[in-house]
Each structure stands twice: as structure tokens, then as C-alpha cells.
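Peer 1: Sharing entry-v5.tsv here; it has TSV, N, CA and C atoms.
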chain	number	residue	atom	x	y	z
A	1	MET	N	70.64	137.27	114.89
A	1	MET	CA	70.35	136.20	115.83
A	1	MET	C	70.23	134.85	115.13
A	2	MET	N	69.59	134.87	113.93
A	2	MET	CA	69.42	133.63	113.18
A	2	MET	C	70.78	133.08	112.73
A	3	ALA	N	71.70	133.97	112.34
A	3	ALA	CA	73.03	133.53	111.92
A	3	ALA	C	73.77	132.90	113.09
A	4	LEU	N	73.63	133.46	114.28
A	4	LEU	CA	74.28	132.89	115.46
A	4	LEU	C	73.75	131.50	115.75
A	5	ARG	N	72.43	131.33	115.65
A	5	ARG	CA	71.85	130.00	115.87
A	5	ARG	C	72.37	129.00	114.83
A	6	SER	N	72.49	129.45	113.60
A	6	SER	CA	73.00	128.58	112.55
A	6	SER	C	74.46	128.22	112.81
A	7	ARG	N	75.25	129.20	113.21
A	7	ARG	CA	76.66	128.92	113.52
A	7	ARG	C	76.78	127.92	114.66
A	8	ILE	N	75.95	128.06	115.67
A	8	ILE	CA	75.97	127.11	116.79
A	8	ILE	C	75.63	125.71	116.29
A	9	LYS	N	74.63	125.63	115.41
A	9	LYS	CA	74.24	124.34	114.83
A	9	LYS	C	75.43	123.70	114.10
A	10	TYR	N	76.13	124.49	113.30
A	10	TYR	CA	77.27	123.95	112.55
A	10	TYR	C	78.45	123.62	113.47
A	11	PHE	N	78.66	124.43	114.49
A	11	PHE	CA	79.71	124.13	115.46
A	11	PHE	C	79.43	122.79	116.14
A	12	ILE	N	78.20	122.58	116.55
A	12	ILE	CA	77.83	121.30	117.17
A	12	ILE	C	78.02	120.16	116.18
A	13	ALA	N	77.64	120.40	114.92
A	13	ALA	CA	77.82	119.36	113.89
A	13	ALA	C	79.29	119.02	113.72
A	14	VAL	N	80.16	120.02	113.72
A	14	VAL	CA	81.61	119.78	113.61
A	14	VAL	C	82.09	118.94	114.80
A	15	MET	N	81.69	119.33	116.01
A	15	MET	CA	82.14	118.62	117.21
A	15	MET	C	81.64	117.17	117.25
A	16	VAL	N	80.37	116.97	116.93
A	16	VAL	CA	79.81	115.62	116.91
A	16	VAL	C	80.51	114.77	115.85
A	17	THR	N	80.77	115.37	114.70
A	17	THR	CA	81.43	114.64	113.61
A	17	THR	C	82.85	114.25	114.01
A	18	ILE	N	83.56	115.14	114.68
A	18	ILE	CA	84.91	114.82	115.15
A	18	ILE	C	84.87	113.65	116.13
A	19	ILE	N	83.95	113.70	117.07
A	19	ILE	CA	83.83	112.63	118.07
A	19	ILE	C	83.50	111.30	117.39
A	20	LEU	N	82.54	111.34	116.46
A	20	LEU	CA	82.18	110.11	115.74
A	20	LEU	C	83.35	109.59	114.91
A	21	GLY	N	84.06	110.50	114.26
A	21	GLY	CA	85.20	110.10	113.43
A	21	GLY	C	86.32	109.45	114.23
A	22	LEU	N	86.66	110.07	115.36
A	22	LEU	CA	87.71	109.49	116.20
A	22	LEU	C	87.25	108.17	116.80
A	23	SER	N	85.99	108.09	117.16
A	23	SER	CA	85.45	106.86	117.74
A	23	SER	C	85.41	105.73	116.72
A	24	SER	N	85.17	106.07	115.47
A	24	SER	CA	85.05	105.03	114.43
A	24	SER	C	86.34	104.25	114.26
A	25	ARG	N	87.45	104.86	114.58
A	25	ARG	CA	88.75	104.19	114.45
A	25	ARG	C	89.12	103.39	115.70
A	26	LYS	N	88.49	103.75	116.82
A	26	LYS	CA	88.88	103.15	118.10
A	26	LYS	C	87.95	102.05	118.59
A	27	LEU	N	86.69	102.07	118.14
A	27	LEU	CA	85.72	101.09	118.63
A	27	LEU	C	85.88	99.78	117.88
A	28	SER	N	86.23	98.73	118.58
A	28	SER	CA	86.46	97.44	117.94
A	28	SER	C	85.15	96.69	117.68
A	29	ASP	N	84.04	97.19	118.23
A	29	ASP	CA	82.75	96.52	118.05
A	29	ASP	C	82.12	96.79	116.69
A	30	LEU	N	82.61	97.80	116.00
A	30	LEU	CA	82.04	98.17	114.71
A	30	LEU	C	82.41	97.15	113.64
A	31	PRO	N	81.50	96.93	112.69
A	31	PRO	CA	81.86	96.06	111.55
A	31	PRO	C	83.06	96.62	110.81
A	32	GLU	N	83.84	95.75	110.23
A	32	GLU	CA	85.08	96.15	109.55
A	32	GLU	C	84.83	97.18	108.46
A	33	PHE	N	83.76	97.00	107.70
A	33	PHE	CA	83.45	97.95	106.62
A	33	PHE	C	83.29	99.36	107.16
A	34	ILE	N	82.59	99.50	108.27
A	34	ILE	CA	82.36	100.81	108.86
A	34	ILE	C	83.66	101.38	109.42
A	35	SER	N	84.41	100.57	110.16
A	35	SER	CA	85.65	101.09	110.75
A	35	SER	C	86.68	101.45	109.68
A	36	ASN	N	86.63	100.80	108.53
A	36	ASN	CA	87.57	101.11	107.45
A	36	ASN	C	87.20	102.36	106.66
A	37	ASN	N	85.91	102.70	106.61
A	37	ASN	CA	85.45	103.78	105.74
A	37	ASN	C	84.90	105.00	106.47
A	38	ALA	N	84.34	104.82	107.63
A	38	ALA	CA	83.62	105.91	108.31
A	38	ALA	C	84.54	107.08	108.67
A	39	GLY	N	85.74	106.82	109.09
A	39	GLY	CA	86.63	107.90	109.51
A	39	GLY	C	86.87	108.92	108.42
A	40	ASP	N	87.16	108.47	107.22
A	40	ASP	CA	87.41	109.39	106.10
A	40	ASP	C	86.14	110.10	105.67
A	41	MET	N	85.02	109.39	105.68
A	41	MET	CA	83.75	110.02	105.33
A	41	MET	C	83.38	111.08	106.35
A	42	LEU	N	83.58	110.78	107.63
A	42	LEU	CA	83.27	111.74	108.68
A	42	LEU	C	84.23	112.92	108.65
A	43	TRP	N	85.48	112.68	108.30
A	43	TRP	CA	86.45	113.78	108.18
A	43	TRP	C	85.97	114.78	107.13
A	44	ALA	N	85.54	114.26	105.98
A	44	ALA	CA	85.05	115.14	104.90
A	44	ALA	C	83.74	115.82	105.31
A	45	SER	N	82.90	115.12	106.05
A	45	SER	CA	81.67	115.75	106.56
A	45	SER	C	82.01	116.90	107.49
A	46	MET	N	83.02	116.71	108.32
A	46	MET	CA	83.46	117.75	109.23
A	46	MET	C	83.97	118.96	108.45
A	47	VAL	N	84.68	118.72	107.37
A	47	VAL	CA	85.16	119.81	106.51
A	47	VAL	C	83.96	120.59	105.96
A	48	TYR	N	82.95	119.88	105.49
A	48	TYR	CA	81.74	120.54	104.97
A	48	TYR	C	81.10	121.40	106.05
A	49	PHE	N	80.87	120.83	107.23
A	49	PHE	CA	80.24	121.60	108.31
A	49	PHE	C	81.11	122.78	108.72
A	50	GLY	N	82.42	122.62	108.63
A	50	GLY	CA	83.32	123.73	108.93
A	50	GLY	C	83.18	124.87	107.94
A	51	PHE	N	83.07	124.54	106.65
A	51	PHE	CA	82.84	125.59	105.64
A	51	PHE	C	81.50	126.27	105.87
A	52	ARG	N	80.49	125.51	106.25
A	52	ARG	CA	79.18	126.11	106.53
A	52	ARG	C	79.26	127.03	107.75
A	53	PHE	N	80.04	126.62	108.76
A	53	PHE	CA	80.21	127.43	109.96
A	53	PHE	C	80.83	128.78	109.61
A	54	TRP	N	81.90	128.77	108.84
A	54	TRP	CA	82.63	130.00	108.52
A	54	TRP	C	81.92	130.86	107.48
A	55	CYS	N	81.21	130.23	106.57
A	55	CYS	CA	80.59	130.98	105.47
A	55	CYS	C	79.09	130.68	105.45
A	56	ILE	N	78.43	131.07	106.49
A	56	ILE	CA	77.03	130.73	106.73
A	56	ILE	C	76.07	131.26	105.66
A	57	HIS	N	76.42	132.37	105.04
A	57	HIS	CA	75.50	132.99	104.09
A	57	HIS	C	75.71	132.51	102.65
A	58	ARG	N	76.67	131.64	102.45
A	58	ARG	CA	76.90	131.08	101.11
A	58	ARG	C	75.93	129.94	100.85
A	59	LYS	N	75.77	129.61	99.58
A	59	LYS	CA	74.88	128.51	99.19
A	59	LYS	C	75.48	127.16	99.63
A	60	LEU	N	74.60	126.19	99.81
A	60	LEU	CA	75.05	124.85	100.16
A	60	LEU	C	75.96	124.28	99.08
A	61	SER	N	75.65	124.55	97.83
A	61	SER	CA	76.47	124.04	96.72
A	61	SER	C	77.89	124.61	96.79
A	62	TRP	N	78.04	125.83	97.25
A	62	TRP	CA	79.37	126.43	97.42
A	62	TRP	C	80.16	125.64	98.46
A	63	ALA	N	79.51	125.30	99.57
A	63	ALA	CA	80.17	124.52	100.62
A	63	ALA	C	80.55	123.13	100.11
A	64	VAL	N	79.71	122.54	99.29
A	64	VAL	CA	80.03	121.23	98.71
A	64	VAL	C	81.27	121.34	97.85
A	65	GLY	N	81.30	122.32	96.95
A	65	GLY	CA	82.45	122.49	96.06
A	65	GLY	C	83.74	122.75	96.81
A	66	CYS	N	83.67	123.65	97.79
A	66	CYS	CA	84.87	123.96	98.59
A	66	CYS	C	85.33	122.75	99.39
A	67	SER	N	84.39	121.99	99.92
A	67	SER	CA	84.73	120.81	100.72
A	67	SER	C	85.40	119.75	99.87
A	68	VAL	N	84.86	119.52	98.68
A	68	VAL	CA	85.47	118.53	97.78
A	68	VAL	C	86.87	119.00	97.38
A	69	ALA	N	87.00	120.26	96.99
A	69	ALA	CA	88.30	120.79	96.58
A	69	ALA	C	89.32	120.71	97.72
A	70	PHE	N	88.92	121.11	98.92
A	70	PHE	CA	89.82	121.07	100.07
A	70	PHE	C	90.23	119.63	100.39
A	71	SER	N	89.25	118.73	100.44
A	71	SER	CA	89.53	117.33	100.78
A	71	SER	C	90.45	116.68	99.74
A	72	PHE	N	90.17	116.94	98.47
A	72	PHE	CA	91.02	116.38	97.42
A	72	PHE	C	92.43	116.97	97.49
A	73	ALA	N	92.53	118.26	97.78
A	73	ALA	CA	93.84	118.90	97.89
A	73	ALA	C	94.65	118.27	99.01
A	74	ILE	N	94.02	118.02	100.14
A	74	ILE	CA	94.72	117.38	101.26
A	74	ILE	C	95.17	115.98	100.85
A	75	GLU	N	94.30	115.24	100.19
A	75	GLU	CA	94.66	113.87	99.78
A	75	GLU	C	95.81	113.88	98.78
A	76	PHE	N	95.73	114.75	97.77
A	76	PHE	CA	96.80	114.81	96.78
A	76	PHE	C	98.10	115.36	97.38
A	77	SER	N	97.99	116.15	98.43
A	77	SER	CA	99.21	116.65	99.09
A	77	SER	C	100.01	115.52	99.72
A	78	GLN	N	99.35	114.39	99.95
A	78	GLN	CA	100.03	113.25	100.54
A	78	GLN	C	101.03	112.60	99.58
A	79	LEU	N	100.95	112.97	98.31
A	79	LEU	CA	101.94	112.50	97.34
A	79	LEU	C	103.27	113.24	97.52
A	80	TYR	N	103.21	114.40	98.14
A	80	TYR	CA	104.41	115.20	98.42
A	80	TYR	C	105.05	114.66	99.69
A	81	GLN	N	106.29	114.23	99.60
A	81	GLN	CA	106.93	113.53	100.70
A	81	GLN	C	108.20	114.21	101.20
A	82	ALA	N	108.24	115.53	101.22
A	82	ALA	CA	109.40	116.24	101.76
A	82	ALA	C	109.51	115.92	103.25
A	83	GLU	N	110.73	115.97	103.74
A	83	GLU	CA	111.01	115.59	105.13
A	83	GLU	C	110.20	116.40	106.14
A	84	TRP	N	110.08	117.71	105.91
A	84	TRP	CA	109.38	118.56	106.87
A	84	TRP	C	107.90	118.21	106.99
A	85	ILE	N	107.25	117.88	105.85
A	85	ILE	CA	105.82	117.58	105.93
A	85	ILE	C	105.58	116.16	106.43
A	86	VAL	N	106.50	115.26	106.15
A	86	VAL	CA	106.39	113.91	106.71
A	86	VAL	C	106.50	113.98	108.23
A	87	GLY	N	107.41	114.82	108.72
A	87	GLY	CA	107.54	115.03	110.16
A	87	GLY	C	106.27	115.59	110.75
A	88	LEU	N	105.65	116.53	110.04
A	88	LEU	CA	104.39	117.11	110.50
A	88	LEU	C	103.28	116.06	110.51
A	89	ARG	N	103.24	115.24	109.48
A	89	ARG	CA	102.22	114.18	109.40
A	89	ARG	C	102.40	113.12	110.48
A	90	ASN	N	103.60	113.00	111.01
A	90	ASN	CA	103.87	112.01	112.05
A	90	ASN	C	103.43	112.47	113.44
A	91	THR	N	102.95	113.71	113.55
A	91	THR	CA	102.36	114.16	114.81
A	91	THR	C	100.89	113.75	114.83
A	92	VAL	N	100.29	113.72	116.00
A	92	VAL	CA	98.89	113.31	116.09
A	92	VAL	C	97.99	114.25	115.29
A	93	ILE	N	98.09	115.54	115.55
A	93	ILE	CA	97.24	116.51	114.84
A	93	ILE	C	97.57	116.54	113.35
A	94	GLY	N	98.85	116.52	113.01
A	94	GLY	CA	99.24	116.52	111.60
A	94	GLY	C	98.71	115.31	110.86
A	95	GLY	N	98.75	114.15	111.51
A	95	GLY	CA	98.23	112.94	110.89
A	95	GLY	C	96.72	113.00	110.70
A	96	LEU	N	96.02	113.56	111.67
A	96	LEU	CA	94.56	113.67	111.57
A	96	LEU	C	94.14	114.67	110.49
A	97	VAL	N	94.86	115.77	110.38
A	97	VAL	CA	94.49	116.81	109.42
A	97	VAL	C	95.01	116.48	108.02
A	98	LEU	N	96.28	116.10	107.92
A	98	LEU	CA	96.92	115.92	106.62
A	98	LEU	C	96.95	114.49	106.11
A	99	GLY	N	96.65	113.52	106.98
A	99	GLY	CA	96.71	112.13	106.56
A	99	GLY	C	98.15	111.65	106.45
A	100	LYS	N	98.29	110.39	106.07
A	100	LYS	CA	99.63	109.80	106.01
A	100	LYS	C	100.05	109.39	104.61
A	101	GLY	N	99.14	108.84	103.83
A	101	GLY	CA	99.51	108.37	102.51
A	101	GLY	C	98.34	108.45	101.55
A	102	PHE	N	98.62	108.68	100.29
A	102	PHE	CA	97.58	108.83	99.27
A	102	PHE	C	96.90	107.50	99.00
A	103	LEU	N	95.57	107.55	99.03
A	103	LEU	CA	94.74	106.40	98.63
A	103	LEU	C	93.62	106.92	97.73
A	104	THR	N	93.50	106.38	96.54
A	104	THR	CA	92.45	106.81	95.61
A	104	THR	C	91.07	106.60	96.22
A	105	VAL	N	90.89	105.51	96.95
A	105	VAL	CA	89.58	105.22	97.55
A	105	VAL	C	89.16	106.29	98.54
A	106	ASP	N	90.11	107.00	99.12
A	106	ASP	CA	89.76	108.09	100.04
A	106	ASP	C	88.99	109.19	99.32
A	107	LEU	N	89.29	109.42	98.06
A	107	LEU	CA	88.57	110.44	97.29
A	107	LEU	C	87.08	110.09	97.20
A	108	VAL	N	86.80	108.82	97.00
A	108	VAL	CA	85.42	108.34	96.95
A	108	VAL	C	84.76	108.50	98.32
A	109	ARG	N	85.50	108.13	99.37
A	109	ARG	CA	84.97	108.28	100.72
A	109	ARG	C	84.65	109.73	101.04
A	110	TYR	N	85.50	110.64	100.60
A	110	TYR	CA	85.26	112.07	100.84
A	110	TYR	C	83.97	112.53	100.16
A	111	VAL	N	83.78	112.12	98.92
A	111	VAL	CA	82.58	112.52	98.19
A	111	VAL	C	81.32	112.00	98.90
A	112	PHE	N	81.35	110.76	99.34
A	112	PHE	CA	80.20	110.21	100.06
A	112	PHE	C	79.97	110.94	101.38
A	113	GLY	N	81.03	111.23	102.11
A	113	GLY	CA	80.91	111.95	103.38
A	113	GLY	C	80.33	113.34	103.20
A	114	ILE	N	80.78	114.03	102.17
A	114	ILE	CA	80.27	115.38	101.89
A	114	ILE	C	78.83	115.30	101.43
A	115	ALA	N	78.50	114.29	100.63
A	115	ALA	CA	77.11	114.13	100.18
A	115	ALA	C	76.17	113.87	101.35
A	116	ILE	N	76.61	113.06	102.29
A	116	ILE	CA	75.79	112.78	103.47
A	116	ILE	C	75.61	114.05	104.30
A	117	ALA	N	76.70	114.80	104.50
A	117	ALA	CA	76.61	116.05	105.27
A	117	ALA	C	75.70	117.04	104.56
A	118	TYR	N	75.82	117.14	103.24
A	118	TYR	CA	74.94	118.02	102.47
A	118	TYR	C	73.48	117.60	102.64
A	119	GLY	N	73.20	116.30	102.57
A	119	GLY	CA	71.84	115.81	102.74
A	119	GLY	C	71.27	116.16	104.11
A	120	LEU	N	72.08	115.97	105.13
A	120	LEU	CA	71.64	116.34	106.48
A	120	LEU	C	71.40	117.85	106.57
A	121	ASP	N	72.29	118.61	105.99
A	121	ASP	CA	72.18	120.06	106.02
A	121	ASP	C	70.93	120.52	105.26
A	122	ALA	N	70.72	119.99	104.08
A	122	ALA	CA	69.56	120.38	103.28
A	122	ALA	C	68.27	120.00	104.01
A	123	TYR	N	68.25	118.88	104.68
A	123	TYR	CA	67.08	118.47	105.45
A	123	TYR	C	66.83	119.48	106.58
A	124	TRP	N	67.90	119.85	107.30
A	124	TRP	CA	67.75	120.82	108.39
A	124	TRP	C	67.23	122.15	107.85
A	125	LEU	N	67.75	122.57	106.70
A	125	LEU	CA	67.35	123.84	106.12
A	125	LEU	C	65.87	123.80	105.71
A	126	ARG	N	65.45	122.75	105.06
A	126	ARG	CA	64.05	122.63	104.65
A	126	ARG	C	63.14	122.62	105.88
A	127	ARG	N	63.57	121.93	106.90
A	127	ARG	CA	62.79	121.84	108.13
A	127	ARG	C	62.64	123.22	108.77
A	128	LYS	N	63.71	124.00	108.74
A	128	LYS	CA	63.68	125.34	109.31
A	128	LYS	C	62.64	126.21	108.61
A	129	TRP	N	62.54	126.11	107.29
A	129	TRP	CA	61.62	126.98	106.53
A	129	TRP	C	60.17	126.54	106.66
A	130	LYS	N	59.92	125.28	107.05
A	130	LYS	CA	58.55	124.81	107.19
A	130	LYS	C	57.87	125.33	108.45
A	131	ARG	N	58.63	125.77	109.43
A	131	ARG	CA	58.05	126.25	110.69
A	131	ARG	C	57.29	127.53	110.53
Write out the structure in this file as C-alpha cells.
Peer 2:
Amino acid sequence: MMALRSRIKYFIAVMVTIILGLSSRKLSDLPEFISNNAGDMLWASMVYFGFRFWCIHRKLSWAVGCSVAFSFAIEFSQLYQAEWIVGLRNTVIGGLVLGKGFLTVDLVRYVFGIAIAYGLDAYWLRRKWKR
């Protein structure tokens, strides 16, 4: 029962993060710094929460490592420009998942996004044990 509650928590975290990430690119009221950086940070946070959802019994540090490795792999895959993958990236879902072009600064954004998600997760975990 506890694992189900945790999975629901992570599922909600994934959904909220997706909504915030998509909104960060569309809302013109946000400061430029936030609209330029939040989407990539939230994408990496979503990856972290996704790893926690699927592998609930693993350590938080495992999810951090997998999230960084996965995010970096996706970013470095953008250096590969074969016609078939460029076509895939030009679709809405392909662009959101695979990105469009390699940017070194995205690697930094991913690390910050994962660190924030880890911090939120660790806070939730500590809070759970205090009850």
C-alpha cells in the first residue's frame, strides 16, 4: 500500500512537472531568464520523478545518477543528425523528448533541475518518516 501511495505521488509530480514545463515556454508574462531556463530544468526534473516512479525501491542517489545519465545521453544524441532522427525530432513529441540541437548550457540546466527534484524528493521523504 505504501509503494502505491509513493507511485501516485511520483505520478502526480511527473504530471505537474510536465504542465509547468510546457507552460514555462508559452507564458509570456514570465521573466526572460525563467522562460529561457525553466523548461530544460523541469524536463530533467520530470525524468528524475519518472525514474522514482518506475524504481520506487531504489535509493534517491540511484535516481539522480540515472537521470543525469539519461538527460546527458539525450542531449549528446542531438549531435547525431541522420535524416530519420531529424524527422523524428521535427514532430511535436519527438522535439519535446529528444530536443532539437545540442547546447552545452542544457547540461547545466539538467543538473540543476535534477538537484531541485532531488531536494524536493528528499524533503518529502524526511517528512514522511517524521510522522
Peer 1: Pick the closest to Thr104 of chain A from A:Phe33, A:Phe11, A:Phe53, A:Phe72: which is it, counting only C-alpha atoms?
Peer 2: A:Phe72
Peer 1: Rank nothing, just name the residue among A:Val92, A:Leu107, A:Leu60, A:Ile116 nearest to Thr17 of chain A, using only C-alpha atoms.
Peer 2: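 Between A:Val92, A:Leu107, A:Leu60, A:Ile116, the residue approaching Thr17 of chain A most closely is A:Ile116.
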Peer 1: Atom CA of Ala38 of chain A and atom C of Val108 of chain A, how far apart in Å?
Peer 2: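 Taking atom C of Val108 of chain A and atom CA of Ala38 of chain A, their separation equals 10.4 Å.
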Peer 1: Of the candidates A:Leu27, A:Tyr10, A:Ser45, A:Ile18, which shows the shortest atom-to-atom distance to Phe112 of chain A, using all atoms listed in the file?
Peer 2: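 Between A:Leu27, A:Tyr10, A:Ser45, A:Ile18, the residue approaching Phe112 of chain A most closely is A:Ser45.
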Peer 1: As a ChimeraX atom specification, please: the residues near Phe49 of chain A (cut-off 8 Å, all atoms listed in the file, same-chain neighbours under 3 positions excluded).
Peer 2: /A:9-11,13-14,43-46,52-55,63,67,114,117-118
Peer 1: Now that the selection is made, can you save its residues with N, CA and C atoms as a PDB file, keeping the file's coordinate frame?
Peer 2:
ATOM      1  N   LYS A   9      74.630 125.630 115.410  1.00  0.00           N
ATOM      2  CA  LYS A   9      74.240 124.340 114.830  1.00  0.00           C
ATOM      3  C   LYS A   9      75.430 123.700 114.100  1.00  0.00           C
ATOM      4  N   TYR A  10      76.130 124.490 113.300  1.00  0.00           N
ATOM      5  CA  TYR A  10      77.270 123.950 112.550  1.00  0.00           C
ATOM      6  C   TYR A  10      78.450 123.620 113.470  1.00  0.00           C
ATOM      7  N   PHE A  11      78.660 124.430 114.490  1.00  0.00           N
ATOM      8  CA  PHE A  11      79.710 124.130 115.460  1.00  0.00           C
ATOM      9  C   PHE A  11      79.430 122.790 116.140  1.00  0.00           C
ATOM     10  N   ALA A  13      77.640 120.400 114.920  1.00  0.00           N
ATOM     11  CA  ALA A  13      77.820 119.360 113.890  1.00  0.00           C
ATOM     12  C   ALA A  13      79.290 119.020 113.720  1.00  0.00           C
ATOM     13  N   VAL A  14      80.160 120.020 113.720  1.00  0.00           N
ATOM     14  CA  VAL A  14      81.610 119.780 113.610  1.00  0.00           C
ATOM     15  C   VAL A  14      82.090 118.940 114.800  1.00  0.00           C
ATOM     16  N   TRP A  43      85.480 112.680 108.300  1.00  0.00           N
ATOM     17  CA  TRP A  43      86.450 113.780 108.180  1.00  0.00           C
ATOM     18  C   TRP A  43      85.970 114.780 107.130  1.00  0.00           C
ATOM     19  N   ALA A  44      85.540 114.260 105.980  1.00  0.00           N
ATOM     20  CA  ALA A  44      85.050 115.140 104.900  1.00  0.00           C
ATOM     21  C   ALA A  44      83.740 115.820 105.310  1.00  0.00           C
ATOM     22  N   SER A  45      82.900 115.120 106.050  1.00  0.00           N
ATOM     23  CA  SER A  45      81.670 115.750 106.560  1.00  0.00           C
ATOM     24  C   SER A  45      82.010 116.900 107.490  1.00  0.00           C
ATOM     25  N   MET A  46      83.020 116.710 108.320  1.00  0.00           N
ATOM     26  CA  MET A  46      83.460 117.750 109.230  1.00  0.00           C
ATOM     27  C   MET A  46      83.970 118.960 108.450  1.00  0.00           C
ATOM     28  N   ARG A  52      80.490 125.510 106.250  1.00  0.00           N
ATOM     29  CA  ARG A  52      79.180 126.110 106.530  1.00  0.00           C
ATOM     30  C   ARG A  52      79.260 127.030 107.750  1.00  0.00           C
ATOM     31  N   PHE A  53      80.040 126.620 108.760  1.00  0.00           N
ATOM     32  CA  PHE A  53      80.210 127.430 109.960  1.00  0.00           C
ATOM     33  C   PHE A  53      80.830 128.780 109.610  1.00  0.00           C
ATOM     34  N   TRP A  54      81.900 128.770 108.840  1.00  0.00           N
ATOM     35  CA  TRP A  54      82.630 130.000 108.520  1.00  0.00           C
ATOM     36  C   TRP A  54      81.920 130.860 107.480  1.00  0.00           C
ATOM     37  N   CYS A  55      81.210 130.230 106.570  1.00  0.00           N
ATOM     38  CA  CYS A  55      80.590 130.980 105.470  1.00  0.00           C
ATOM     39  C   CYS A  55      79.090 130.680 105.450  1.00  0.00           C
ATOM     40  N   ALA A  63      79.510 125.300  99.570  1.00  0.00           N
ATOM     41  CA  ALA A  63      80.170 124.520 100.620  1.00  0.00           C
ATOM     42  C   ALA A  63      80.550 123.130 100.110  1.00  0.00           C
ATOM     43  N   SER A  67      84.390 121.990  99.920  1.00  0.00           N
ATOM     44  CA  SER A  67      84.730 120.810 100.720  1.00  0.00           C
ATOM     45  C   SER A  67      85.400 119.750  99.870  1.00  0.00           C
ATOM     46  N   ILE A 114      80.780 114.030 102.170  1.00  0.00           N
ATOM     47  CA  ILE A 114      80.270 115.380 101.890  1.00  0.00           C
ATOM     48  C   ILE A 114      78.830 115.300 101.430  1.00  0.00           C
ATOM     49  N   ALA A 117      76.700 114.800 104.500  1.00  0.00           N
ATOM     50  CA  ALA A 117      76.610 116.050 105.270  1.00  0.00           C
ATOM     51  C   ALA A 117      75.700 117.040 104.560  1.00  0.00           C
ATOM     52  N   TYR A 118      75.820 117.140 103.240  1.00  0.00           N
ATOM     53  CA  TYR A 118      74.940 118.020 102.470  1.00  0.00           C
ATOM     54  C   TYR A 118      73.480 117.600 102.640  1.00  0.00           C
TER      55      TYR A 118
END
Peer 1: Residues near Asp40 of chain A, anyone? I mean within 7 Å using all atoms listed in the file, not counting same-chain ones fewer than 3 positions away, as a list in words.
Peer 2: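 Final neighbour list, sorted by chain and number: Gly21, Asn36, Asn37, Trp43, Ala44, Ser45, Asp106, Arg109, Tyr110 and Gly113 of chain A.
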Peer 1: Taking only C-alpha atoms into account, which of A:Ser35, A:Gln78, A:Ser61, A:Ser6 comes nearest Gly95 of chain A?
Peer 2: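 Of A:Ser35, A:Gln78, A:Ser61, A:Ser6, the one nearest Gly95 of chain A is A:Gln78, counting only C-alpha atoms.
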Peer 1: State, in Å with one decimal place, the distance from atom N of Met15 of chain A to atom C of Phe51 of chain A.
Peer 2: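 Calculated distance between atom N of Met15 of chain A and atom C of Phe51 of chain A is 12.3 Å.
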Peer 1: Nearest to Tyr80 of chain A: which of A:Val97, A:Phe102, A:Ile8, A:Ala3 is it, counting only N, CA and C atoms?
Peer 2: A:Phe102
Peer 1: Distance atom CA of Met41 of chain A-atom CA of Arg58 of chain A, one decimal place?
Peer 2: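 Taking atom CA of Met41 of chain A as the start and atom CA of Arg58 of chain A as the end point, the length is 22.5 Å.
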Peer 1: Pick out the closest residue to Ser77 of chain A from this set: A:Ile19, A:Leu98, A:Gly50, A:Trp62. Count all atoms listed in the file.
Peer 2: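 With all atoms listed in the file as the atom set, the closest residue is A:Leu98.
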Peer 1: With 8 Å on each side, where is the centre of the axis-aligned box around all listed atoms of segment 72-90 of chain A, and how long are its edges in Å to one decimal, as lines of an AutoDock Vina configuration file?
Peer 2:
center_x = 100.6
center_y = 115.5
center_z = 105.1
size_x = 36.8
size_y = 22.9
size_z = 32.7
Peer 1: Any chance you could list, as a list in words, the residues in segment 43-74 of chain A that come up helix (DSSP H, G or I) when DSSP is run on the backbone?
Peer 2: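 Selecting the helix (DSSP H, G or I) positions of segment 43-74 of chain A gives Trp43, Ala44, Ser45, Met46, Val47, Tyr48, Phe49, Gly50, Phe51, Arg52, Phe53, Trp54, Leu60, Ser61, Trp62, Ala63, Val64, Gly65, Cys66, Ser67, Val68, Ala69, Phe70, Ser71, Phe72, Ala73 and Ile74 of chain A.
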Peer 1: At most 5 Å from (97.1, 110.9, 97.9), file frame, only N, CA and C atoms: which residues, as a list in words?
Peer 2: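 Every polymer residue passing the test: Glu75, Phe76, Gln78, Leu79, Gly101, Phe102 and Leu103 of chain A.
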